[in-house]
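Worksheet for the structure shown next.
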Amino acid sequence: MIKRKKVVAVIPSRSQGDYINNLNFLYIGEKMVLEFTIISAIKSKIFDKIFVVFDNKKHKDYFEKKYNVVGIVVSRKKSDFIHLVEKYKKTYFNPYSYISVLLPNSPFKNHVTIRKIYSKVIKENLNFIVTGSEERKRFYYIGQSRYKIIKRPMKNDGNIEPLHFISGGIIFFRKDFKNFKNYTNEIRIKNFYTINSHEGFSIITLYDLILASTINDIDASIFKNLLKKN
């Protein structure tokens, strides 16, 4: 039996994006990108409170009313989650044993996965954990005009060791964790939770948003096409 800990969710959102402005508030099907992460956080039933960070009061008021989350307005347009956690840790997050950062640009994170990660964190008494996917085929940029596939290391049995990359937008930190800015340098096998490529899908470009709309509605579209044929 896993002893219950107090845990808070922090979902950073903003209007000004690195590649697409207003990304978190664009629609995939009938929901905004941000809504998928809020809904997964609520359905996981592990969070004592869910904070969503906005850069304007209009979005704060709307989502507080719709989902009963706690909104924080930050005037700074480009605040990454490290800055937000460090800035508001004492003010808002101090009463909690763990802080979970859920990034909304990975909208397909599953509430069951969030619960499993939480269980692993508590059971193994981890300082932090990040989600990621196994990479099978990827080209890595090494210069202005050249691309090269990184050779994967071999295991002792002769099989190829898989490459992994951070994705999926689920991170848990223990409250007393210190090295937020360089946490990626501390990642070991125990700190990495592998998820499938669907949950690990992150929206960066407009093309990704279009693809995400297709993925999200793929089952419905199949049935619609079958009905048309009949």
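Chain lettering (A, B, ...) mirrors the order of the structure tokens, residue numbering begins at 1 for each chain separately, and ligand numbering begins at 1 in order of display.
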
I want to know what sits within 7 Å of range 5-16 of chain A, based on only C-alpha atoms, with residues of the same chain fewer than 2 positions away left out; could you give that as a list in words?
Lys3, Asp18, Asn21, Asn22, Leu23, Asn24, Phe47, Asp48, Lys49, Ile50, Phe51, Val52, Val53, Phe54, Asp55, Lys77, Phe81, Phe93, Tyr96, Ser97, Tyr98, Ile99, Ser100, Val101, Leu102, Leu103 and Pro104 of chain A

Across A:Ser75, A:Ser197, A:Asn56, A:Asn191, the smallest distance to Lys120 in chain A, with only C-alpha atoms counted, is shown by A:Asn191

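Residue-level DSSP output for range 3-79 of chain A, from the backbone, shows helix (DSSP H, G or I) at Leu23, Asn24, Phe25, Val33, Leu34, Glu35, Phe36, Thr37, Ile38, Ile39, Ser40, Ala41, Ile42, Lys43, Ser44, Lys57, Lys58, His59, Lys60, Asp61, Tyr62, Phe63, Glu64, Lys65, Lys66 and Tyr67 of chain A.
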
Selection near Ile166 in chain A, 10 Å with only C-alpha atoms, sequence-local residues under 2 positions removed, as a ChimeraX atom specification: /A:130-134,164,168-170,184,192-195,200

Restrict the selected residues to C-alpha atoms and save them as a CSV table (one decimal), in the first residue's frame.
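For reference, again_12.csv as written:
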```csv
chain,number,residue,atom,x,y,z
A,130,VAL,CA,10.8,12.7,-16.3
A,131,THR,CA,8.8,11.1,-19.1
A,132,GLY,CA,10.3,10.2,-22.5
A,133,SER,CA,10.0,8.0,-25.5
A,134,GLU,CA,12.3,5.5,-27.2
A,164,HIS,CA,15.6,7.9,-25.6
A,168,GLY,CA,5.3,13.7,-22.9
A,169,GLY,CA,5.5,16.7,-20.6
A,170,ILE,CA,5.2,15.0,-17.2
A,184,THR,CA,18.5,16.9,-17.1
A,192,PHE,CA,13.3,8.1,-16.6
A,193,TYR,CA,9.7,6.8,-17.3
A,194,THR,CA,9.2,5.5,-20.9
A,195,ILE,CA,5.8,6.3,-22.5
A,200,GLY,CA,4.9,11.5,-26.1
```

Just list as a ChimeraX atom specification whatever in range 6-207 of chain A DSSP marks as strand (DSSP E or B). /A:7-12,27-28,31-32,49-54,70-73,98-102,128-135,140-141,147-148,154,160,163-174,192-194

Please write the residues from the selection above to a file, keeping C-alpha atoms, as a PDB file, in the first residue's frame.
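Listed below is the output, selection14.pdb:
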```
ATOM      1  CA  VAL A   7       1.198  16.608  -4.432  1.00  0.00           C
ATOM      2  CA  VAL A   8       0.459  19.701  -6.510  1.00  0.00           C
ATOM      3  CA  ALA A   9       0.188  20.053 -10.294  1.00  0.00           C
ATOM      4  CA  VAL A  10       1.657  23.077 -12.044  1.00  0.00           C
ATOM      5  CA  ILE A  11       0.572  23.644 -15.653  1.00  0.00           C
ATOM      6  CA  PRO A  12       2.406  26.542 -17.327  1.00  0.00           C
ATOM      7  CA  TYR A  27      -8.337  23.926 -30.708  1.00  0.00           C
ATOM      8  CA  ILE A  28      -7.788  20.220 -31.319  1.00  0.00           C
ATOM      9  CA  LYS A  31     -11.033  21.383 -26.908  1.00  0.00           C
ATOM     10  CA  MET A  32      -8.155  23.811 -26.569  1.00  0.00           C
ATOM     11  CA  LYS A  49      -4.533  21.266  -6.015  1.00  0.00           C
ATOM     12  CA  ILE A  50      -3.992  22.170  -9.673  1.00  0.00           C
ATOM     13  CA  PHE A  51      -2.335  25.496 -10.482  1.00  0.00           C
ATOM     14  CA  VAL A  52      -2.413  26.843 -14.050  1.00  0.00           C
ATOM     15  CA  VAL A  53      -0.110  29.738 -14.907  1.00  0.00           C
ATOM     16  CA  PHE A  54      -1.428  32.334 -17.382  1.00  0.00           C
ATOM     17  CA  VAL A  70      -6.257  27.900  -9.325  1.00  0.00           C
ATOM     18  CA  GLY A  71      -4.927  30.453 -11.774  1.00  0.00           C
ATOM     19  CA  ILE A  72      -1.712  32.440 -11.398  1.00  0.00           C
ATOM     20  CA  VAL A  73      -1.136  35.440 -13.654  1.00  0.00           C
ATOM     21  CA  TYR A  98       5.875  16.803  -4.551  1.00  0.00           C
ATOM     22  CA  ILE A  99       5.495  19.272  -7.404  1.00  0.00           C
ATOM     23  CA  SER A 100       4.371  17.873 -10.746  1.00  0.00           C
ATOM     24  CA  VAL A 101       4.913  19.997 -13.847  1.00  0.00           C
ATOM     25  CA  LEU A 102       2.562  19.084 -16.705  1.00  0.00           C
ATOM     26  CA  PHE A 128      12.495  13.610  -9.581  1.00  0.00           C
ATOM     27  CA  ILE A 129      11.271  11.767 -12.650  1.00  0.00           C
ATOM     28  CA  VAL A 130      10.756  12.727 -16.302  1.00  0.00           C
ATOM     29  CA  THR A 131       8.840  11.070 -19.113  1.00  0.00           C
ATOM     30  CA  GLY A 132      10.300  10.183 -22.480  1.00  0.00           C
ATOM     31  CA  SER A 133      10.025   7.980 -25.539  1.00  0.00           C
ATOM     32  CA  GLU A 134      12.304   5.513 -27.245  1.00  0.00           C
ATOM     33  CA  GLU A 135      13.708   6.823 -30.512  1.00  0.00           C
ATOM     34  CA  TYR A 140      20.771  14.539 -35.630  1.00  0.00           C
ATOM     35  CA  TYR A 141      21.994  17.918 -36.803  1.00  0.00           C
ATOM     36  CA  TYR A 147      22.962  15.492 -40.882  1.00  0.00           C
ATOM     37  CA  LYS A 148      24.125  12.237 -39.366  1.00  0.00           C
ATOM     38  CA  MET A 154      25.586  -2.174 -28.333  1.00  0.00           C
ATOM     39  CA  ILE A 160      21.319  -2.388 -30.083  1.00  0.00           C
ATOM     40  CA  LEU A 163      18.108   5.888 -27.668  1.00  0.00           C
ATOM     41  CA  HIS A 164      15.644   7.871 -25.568  1.00  0.00           C
ATOM     42  CA  PHE A 165      14.563  11.498 -25.536  1.00  0.00           C
ATOM     43  CA  ILE A 166      12.502  13.575 -23.107  1.00  0.00           C
ATOM     44  CA  SER A 167       8.873  13.897 -24.232  1.00  0.00           C
ATOM     45  CA  GLY A 168       5.320  13.722 -22.933  1.00  0.00           C
ATOM     46  CA  GLY A 169       5.521  16.697 -20.608  1.00  0.00           C
ATOM     47  CA  ILE A 170       5.192  14.950 -17.225  1.00  0.00           C
ATOM     48  CA  ILE A 171       7.759  15.758 -14.534  1.00  0.00           C
ATOM     49  CA  PHE A 172       7.657  15.155 -10.786  1.00  0.00           C
ATOM     50  CA  PHE A 173      10.003  16.926  -8.363  1.00  0.00           C
ATOM     51  CA  ARG A 174      10.342  16.353  -4.660  1.00  0.00           C
ATOM     52  CA  PHE A 192      13.260   8.130 -16.649  1.00  0.00           C
ATOM     53  CA  TYR A 193       9.749   6.803 -17.318  1.00  0.00           C
ATOM     54  CA  THR A 194       9.205   5.505 -20.852  1.00  0.00           C
TER      55      THR A 194
END
```

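Straight-line separation from CA of Leu209 in chain A to CA of Val112 in chain A: 23.8 Å.
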
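Ranking A:Asn94, A:Thr113, A:Asn105, A:Asn182 by their shortest atom-to-atom distance to Ser40 in chain A, with only C-alpha atoms included, puts A:Thr113 first.
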
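From CA of Glu199 in chain A back to CA of Ile114 in chain A, the distance works out to 10.9 Å.
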
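Shortest separation to Ile204 in chain A among A:Ile46, A:Ser106, A:Ile187, A:Leu34 occurs at residue A:Ser106, atoms counted being only C-alpha atoms.
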
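Separating CA of Val33 in chain A from CA of Pro107 in chain A is a distance of 6.1 Å.
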